[in-house]
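**Q** Okay, handing you the structure first.
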Amino acid sequence: MPLATVASRALVGIAAPEVTVEVHLGPGLPAFHIVGLPDAEVREAKDRVRAALHQARFEFPARRITVNLAPADLPKDSSRFDLPIALGILAASGQLKADALAGHEFAGELSLTGELRPVRGALAMALGAGEAGRAFVLPVQSAPQAALAERTRILPAASLLEVCAHLAGEAPLAPYHNGAARIAPSYADLADVKGQAQAKRALEVAAAGGHAMLMLGPPGTGKSMLASRLPGILPAMSAAEALESASVLSASSIGFDAARWGARPFRSPHHSASSAALVGGGMPPRPGEISLAHQGVLFLDELPEFPRDALEALREPLESGSISIARAARHATYPARFQLVAAMNPCPCGHLGDASGRCRCTPDQVARYRGKISGPLMDRIDLKVEVPRPRESELMGSMEAESSTAVRARVCEARERQLARQGKPNAWLQARETMRYCTIDAAAEDLLKQAIARLSLSARGYHRVLRVARSIADLAEKESIGTTHLAEAIQYRRLDASF
Ligand SMILES: [Zn+2]
């Protein structure tokens, strides 16, 4: 049979739409054409497939070979199609029974010696194959993350020869089973951070409602330590959230470590990161740090040092929870529901307000430094808290600091109240929902009006204060927001006046 079709999948964002690899052998001078891939990638794919077939001692047909990847308008990273193309050539030239391909999907890059190399997005592809009712044949290294798609039959193979032996019925591939029992993820403990009661309280409020937070303080006061403890006090991920988080990582170049299943991601890109690295981009589009932090925490240390355009690009995903990347004809949407935690020094030298008095920054320099962060971004950060140098008594104190487990129990209860009341964390409430779920009495209304005037808060800021107050009331197990809850929420906006 001079025609063969093989099922595979492309990767668009974190979705894996089906791609049919059609191989046709025609009369005429020997030639090898691949249609449906960008030019630059075609030659490499041809070289790898030809070499792998030779190495495995198959015959490379001296015919006019045409490979078509359909549909034509899908973006395709070429290397994943090496295996299906090679199998299609073998089936079309009668070296492999064509009907053996049915019921399978294939993906894998071929080395020149015919070994299979891992592919990106194995989890999304495995989910798609399972929905289509097919087994998924893929490189051994990609099997653990693909196996997170529990209903899909995963058949890992090390080489083209192993796949051929399986399809010929000589040596069936053994299905991969996720042998390792799923263990609860472990995180660094909040008890490791000495002192800083105020910042810890703010971190707890941020965790309860999913609010963004900024820590302002000199170097070495534990800002990074505090931020890295946030994932450990957040509620456990649901199965759907864990699958989505794993799918994003699986589609990225860093890949997903199956042992990290259910662990909330913590990403802390350096301030030299480009806008594309932070929010995503490139050709073909790849997820950025905000998507790798999906369902977890994005920590931006030394916030004013990040490129301004990179910070501005955070505004849209902070509102919508996703990011659309368009490059030329290619387009991808990645989820980006991350919790932002930022840290910065109080001034360029970092020692403003220090008792030693060694800060020599002028008020002008301080204003310019803080001005690097735009008003609209500052507006979206609900909690701002100072993290001063701890007093010696705090460091030496023998008082046992509270563990993450204890804090997490309160956070979980507060989060459950929110889900029961409104189906989402307080930070995700829209304006209309805020008016409905964050009502306050007349005395609290007066307090808020005064604060708005004093801190010159925007209309957006008004709603944001209410949502934080709602989280504080939820932590206190109160149905209604009281003046003490509101006063604490306003307190977290006090630093706005200095920006
Ligand atoms: Zn200074």
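Letters A, B, ... mark the chains of the structure tokens in the order given; residue numbers begin at 1 per chain; ligand numbers begin at 1, in order shown.
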How close does chain A get to ligand 1? List, as a tab-separated table, each residue of chain A within 8 Å, its nearest atom pair and the distance in Å to one decimal, counting only C-alpha atoms and all ligand atoms.

**A**
residue	atom	partner	partner_atom_place_in_ligand_line	distance
A:Pro346	CA	ligand 1	1 (Zn)	7.3
A:Cys347	CA	ligand 1	1 (Zn)	4.6
A:Pro348	CA	ligand 1	1 (Zn)	5.2
A:Cys349	CA	ligand 1	1 (Zn)	3.9
A:Gly350	CA	ligand 1	1 (Zn)	5.1
A:His351	CA	ligand 1	1 (Zn)	4.9
A:Leu352	CA	ligand 1	1 (Zn)	4.6
A:Arg358	CA	ligand 1	1 (Zn)	7.7
A:Cys359	CA	ligand 1	1 (Zn)	4.1
A:Arg360	CA	ligand 1	1 (Zn)	5.4
A:Cys361	CA	ligand 1	1 (Zn)	4.2
A:Thr362	CA	ligand 1	1 (Zn)	7.7
A:Val366	CA	ligand 1	1 (Zn)	7.3

**Q** Which residues, written as number ranges by chain, have at least one atom at most 8 Å from Asp189 of chain A, with only C-alpha atoms counted and residues fewer than 4 positions away on the same chain left out?

**A** A: 229, 232, 403-404

**Q** When you look at Pro61 of chain A with a cut-off of 7 Å (counting only C-alpha atoms), what residues show up, excluding the ones that are within fewer than 2 positions of it in the same chain? I need them as a count of residues only.

**A** 3

**Q** Grab the atom CA of Leu161 of chain A to atom CA of Ala149 of chain A distance for me, in Å with one decimal place.

**A**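 Distance between the two atoms: 25.6 Å.
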
**Q** Taking 2 positions as the minimum chain separation for residues in the same chain, which residues sit within 12 Å of Lys97 of chain A when counting only C-alpha atoms? Answer as a list in words.

**A** Met1, Leu3, Ala4, Thr5, Leu87, Gly88, Ile89, Leu90, Ala91, Ala92, Ser93, Gly94, Gln95, Asp99, Ala100, Leu101, Ala102, Cys164, Ala165, His166, Leu167, Ala168 and Gly169 of chain A

**Q** Next, write the just-selected residues to a file, as a compact mmCIF listing (two decimals), in the first residue's frame, keeping N, CA, C and O atoms as the atom set.

**A**
# COMPACT_ATOMS: atom_id res chain seq x y z
N MET A 1 0.85 -1.20 0.00
CA MET A 1 0.00 0.00 0.00
C MET A 1 0.89 1.24 0.00
O MET A 1 1.70 1.43 0.89
N LEU A 3 0.16 4.25 0.57
CA LEU A 3 -0.30 5.35 1.42
C LEU A 3 -0.49 4.86 2.85
O LEU A 3 -1.03 3.78 3.06
N ALA A 4 -0.01 5.63 3.83
CA ALA A 4 -0.21 5.27 5.23
C ALA A 4 -0.55 6.52 6.03
O ALA A 4 -0.08 7.61 5.71
N THR A 5 -1.39 6.37 7.05
CA THR A 5 -1.67 7.50 7.95
C THR A 5 -1.34 7.09 9.38
O THR A 5 -1.59 5.97 9.79
N LEU A 87 7.43 5.76 10.95
CA LEU A 87 6.48 4.63 10.92
C LEU A 87 5.61 4.68 9.67
O LEU A 87 5.30 3.65 9.07
N GLY A 88 5.22 5.90 9.27
CA GLY A 88 4.42 6.05 8.07
C GLY A 88 5.17 5.56 6.83
O GLY A 88 4.60 4.89 5.96
N ILE A 89 6.45 5.89 6.75
CA ILE A 89 7.27 5.44 5.61
C ILE A 89 7.36 3.91 5.60
O ILE A 89 7.23 3.27 4.55
N LEU A 90 7.57 3.33 6.78
CA LEU A 90 7.67 1.86 6.87
C LEU A 90 6.35 1.19 6.47
O LEU A 90 6.35 0.18 5.76
N ALA A 91 5.23 1.77 6.90
CA ALA A 91 3.93 1.17 6.57
C ALA A 91 3.62 1.32 5.09
O ALA A 91 3.16 0.38 4.43
N ALA A 92 3.91 2.52 4.55
CA ALA A 92 3.60 2.77 3.14
C ALA A 92 4.45 1.90 2.21
O ALA A 92 4.04 1.55 1.12
N SER A 93 5.66 1.54 2.68
CA SER A 93 6.55 0.74 1.83
C SER A 93 6.44 -0.75 2.15
O SER A 93 7.25 -1.56 1.69
N GLY A 94 5.46 -1.12 2.98
CA GLY A 94 5.20 -2.53 3.24
C GLY A 94 6.18 -3.19 4.20
O GLY A 94 6.17 -4.41 4.36
N GLN A 95 7.00 -2.41 4.89
CA GLN A 95 7.94 -3.00 5.84
C GLN A 95 7.30 -3.17 7.22
O GLN A 95 7.90 -3.72 8.14
N ASP A 99 -2.17 -1.90 9.28
CA ASP A 99 -3.29 -1.95 10.23
C ASP A 99 -2.82 -2.05 11.68
O ASP A 99 -3.59 -1.85 12.61
N ALA A 100 -1.53 -2.36 11.88
CA ALA A 100 -0.99 -2.41 13.26
C ALA A 100 -0.94 -1.02 13.89
O ALA A 100 -0.92 -0.88 15.11
N LEU A 101 -0.92 0.02 13.04
CA LEU A 101 -0.84 1.39 13.55
C LEU A 101 -2.14 1.85 14.21
O LEU A 101 -2.14 2.74 15.06
N ALA A 102 -3.24 1.22 13.82
CA ALA A 102 -4.55 1.64 14.32
C ALA A 102 -4.60 1.50 15.85
O ALA A 102 -3.95 0.64 16.44
N CYS A 164 8.78 -0.80 16.43
CA CYS A 164 8.48 -1.70 15.30
C CYS A 164 8.22 -3.13 15.78
O CYS A 164 7.32 -3.80 15.28
N ALA A 165 9.01 -3.57 16.77
CA ALA A 165 8.82 -4.93 17.31
C ALA A 165 7.46 -5.05 17.98
O ALA A 165 6.79 -6.08 17.88
N HIS A 166 7.04 -3.96 18.62
CA HIS A 166 5.72 -3.95 19.26
C HIS A 166 4.63 -4.05 18.20
O HIS A 166 3.71 -4.87 18.30
N LEU A 167 4.75 -3.24 17.14
CA LEU A 167 3.69 -3.20 16.12
C LEU A 167 3.65 -4.50 15.31
O LEU A 167 2.60 -4.89 14.82
N ALA A 168 4.81 -5.18 15.21
CA ALA A 168 4.86 -6.45 14.48
C ALA A 168 4.37 -7.60 15.34
O ALA A 168 4.26 -8.74 14.89
N GLY A 169 4.09 -7.30 16.61
CA GLY A 169 3.61 -8.34 17.52
C GLY A 169 4.71 -9.24 18.04
O GLY A 169 4.44 -10.26 18.67

**Q** Could you please write out, as an NGL selection string, every residue of segment 296-394 of chain A that DSSP assigns to helix (DSSP H, G or I)?

**A** :A and (303-305 or 308-312 or 315-320 or 363-370 or 375-379 or 392-394)

**Q** Take the selection from the previous step and output its residues with N, CA and C atoms, as a compact mmCIF listing (two decimals), in the first residue's frame.

**A**
# COMPACT_ATOMS: atom_id res chain seq x y z
N LEU A 303 11.94 44.22 43.02
CA LEU A 303 10.92 44.58 42.02
C LEU A 303 11.29 45.76 41.13
N PRO A 304 11.84 46.88 41.69
CA PRO A 304 12.12 48.03 40.81
C PRO A 304 13.20 47.75 39.77
N GLU A 305 13.98 46.68 39.96
CA GLU A 305 15.07 46.38 39.02
C GLU A 305 14.57 45.66 37.76
N ARG A 308 10.78 47.79 32.97
CA ARG A 308 9.45 48.39 33.12
C ARG A 308 8.41 47.67 32.24
N ASP A 309 8.79 47.33 31.00
CA ASP A 309 7.80 46.70 30.11
C ASP A 309 7.41 45.31 30.61
N ALA A 310 8.36 44.66 31.28
CA ALA A 310 8.05 43.33 31.83
C ALA A 310 7.03 43.46 32.95
N LEU A 311 7.21 44.47 33.81
CA LEU A 311 6.27 44.67 34.91
C LEU A 311 4.89 45.09 34.40
N GLU A 312 4.88 45.94 33.38
CA GLU A 312 3.60 46.39 32.84
C GLU A 312 2.83 45.22 32.24
N ARG A 315 0.15 43.25 34.27
CA ARG A 315 -1.14 43.79 34.68
C ARG A 315 -2.32 42.99 34.14
N GLU A 316 -2.28 42.67 32.86
CA GLU A 316 -3.41 41.94 32.25
C GLU A 316 -3.60 40.56 32.86
N PRO A 317 -2.55 39.73 32.92
CA PRO A 317 -2.75 38.41 33.54
C PRO A 317 -3.13 38.46 35.02
N LEU A 318 -2.68 39.52 35.72
CA LEU A 318 -3.08 39.65 37.14
C LEU A 318 -4.59 39.78 37.25
N GLU A 319 -5.22 40.38 36.23
CA GLU A 319 -6.68 40.53 36.24
C GLU A 319 -7.38 39.29 35.70
N SER A 320 -6.86 38.77 34.58
CA SER A 320 -7.60 37.74 33.84
C SER A 320 -7.21 36.32 34.20
N PRO A 363 15.98 62.34 49.18
CA PRO A 363 14.54 62.08 48.97
C PRO A 363 14.22 61.91 47.48
N ASP A 364 14.93 62.67 46.64
CA ASP A 364 14.76 62.58 45.19
C ASP A 364 15.08 61.17 44.67
N GLN A 365 16.23 60.68 45.13
CA GLN A 365 16.67 59.34 44.70
C GLN A 365 15.67 58.27 45.15
N VAL A 366 15.17 58.43 46.38
CA VAL A 366 14.20 57.45 46.90
C VAL A 366 12.93 57.50 46.06
N ALA A 367 12.47 58.72 45.75
CA ALA A 367 11.24 58.87 44.97
C ALA A 367 11.40 58.26 43.57
N ARG A 368 12.57 58.50 42.97
CA ARG A 368 12.82 57.98 41.62
C ARG A 368 12.83 56.44 41.64
N TYR A 369 13.47 55.91 42.69
CA TYR A 369 13.57 54.45 42.84
C TYR A 369 12.18 53.82 42.96
N ARG A 370 11.36 54.38 43.82
CA ARG A 370 10.01 53.82 44.02
C ARG A 370 9.11 54.08 42.83
N GLY A 375 1.90 53.21 38.95
CA GLY A 375 0.72 53.28 39.81
C GLY A 375 -0.24 52.12 39.59
N PRO A 376 -0.59 51.84 38.31
CA PRO A 376 -1.55 50.75 38.07
C PRO A 376 -1.07 49.39 38.61
N LEU A 377 0.24 49.13 38.56
CA LEU A 377 0.72 47.86 39.11
C LEU A 377 0.64 47.88 40.64
N MET A 378 1.07 49.03 41.24
CA MET A 378 1.00 49.14 42.70
C MET A 378 -0.43 48.98 43.19
N ASP A 379 -1.35 49.51 42.39
CA ASP A 379 -2.77 49.42 42.70
C ASP A 379 -3.23 47.96 42.85
N GLU A 392 17.38 42.37 68.21
CA GLU A 392 18.19 41.25 68.69
C GLU A 392 17.34 40.28 69.53
N SER A 393 16.41 40.87 70.34
CA SER A 393 15.59 40.03 71.22
C SER A 393 14.73 39.06 70.41
N GLU A 394 14.33 39.51 69.19
CA GLU A 394 13.51 38.64 68.35
C GLU A 394 14.33 37.47 67.83

**Q** For a test of reading the model, state the distance in Å between atom CA of Ala158 of chain A and atom CA of Ala31 of chain A, rounded to one decimal.

**A** 28.8 Å

**Q** Just the number, please: distance in Å from atom CA of Arg415 of chain A to atom CA of Gly209 of chain A, one decimal.

**A**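 Here the two named atoms are 6.8 Å from each other.
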
**Q** Enumerate as a list of chain:residue names all residues of segment 292-366 of chain A assigned to strand (DSSP E) by DSSP on the backbone, naming them with the chain letters and numbers the document uses.

**A**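 Strand (DSSP E) assignments inside segment 292-366 of chain A correspond to A:Val297, A:Leu298, A:Phe299, A:Leu300, A:Ser322, A:Ile323, A:Ser324, A:Ile325, A:Ala326, A:Arg327, A:Arg330, A:His331, A:Ala332, A:Thr333, A:Tyr334, A:Pro335, A:Gln339, A:Leu340, A:Val341, A:Ala342, A:Ala343, A:Met344.
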
**Q** With C-alpha atoms kept, could you save the residues just selected as a tab-separated table (two decimals), in the first residue's frame?

**A**
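Saved the output as part11.tsv:
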chain	number	residue	atom	x	y	z
A	297	VAL	CA	3.53	31.69	43.61
A	298	LEU	CA	5.54	34.12	41.47
A	299	PHE	CA	8.19	35.84	43.59
A	300	LEU	CA	9.79	38.98	42.16
A	322	SER	CA	-4.32	33.94	31.58
A	323	ILE	CA	-2.04	35.30	28.87
A	324	SER	CA	-2.39	35.32	25.10
A	325	ILE	CA	0.78	35.29	23.05
A	326	ALA	CA	0.66	36.09	19.35
A	327	ARG	CA	3.79	35.86	17.18
A	330	ARG	CA	1.15	31.59	15.67
A	331	HIS	CA	-1.04	32.13	18.63
A	332	ALA	CA	-1.17	30.49	22.05
A	333	THR	CA	-3.02	31.07	25.30
A	334	TYR	CA	-1.51	29.90	28.57
A	335	PRO	CA	-3.14	29.90	31.98
A	339	GLN	CA	-0.14	34.72	43.23
A	340	LEU	CA	2.33	37.60	43.09
A	341	VAL	CA	4.71	38.22	45.96
A	342	ALA	CA	7.21	41.03	45.42
A	343	ALA	CA	10.03	42.40	47.54
A	344	MET	CA	12.13	45.54	47.36

**Q** Quick one: residues within 9 Å of Glu18 of chain A, only C-alpha atoms counted, chain neighbours fewer than 5 positions away excluded, as a list in words?

**A**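 Final neighbour list, sorted by chain and number: Ala7, Ser8, Arg9, Ala10, Ala70, Pro71, Met125, Gly128 and Ala129 of chain A.
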
**Q** Of the candidates A:Ala98, A:Ala293, A:Ala72, A:Leu190, which one gets nearest to Ser228 of chain A if we count only C-alpha atoms?

**A**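 Checking each of A:Ala98, A:Ala293, A:Ala72, A:Leu190 against Ser228 of chain A, counting only C-alpha atoms, the winner is A:Leu190.
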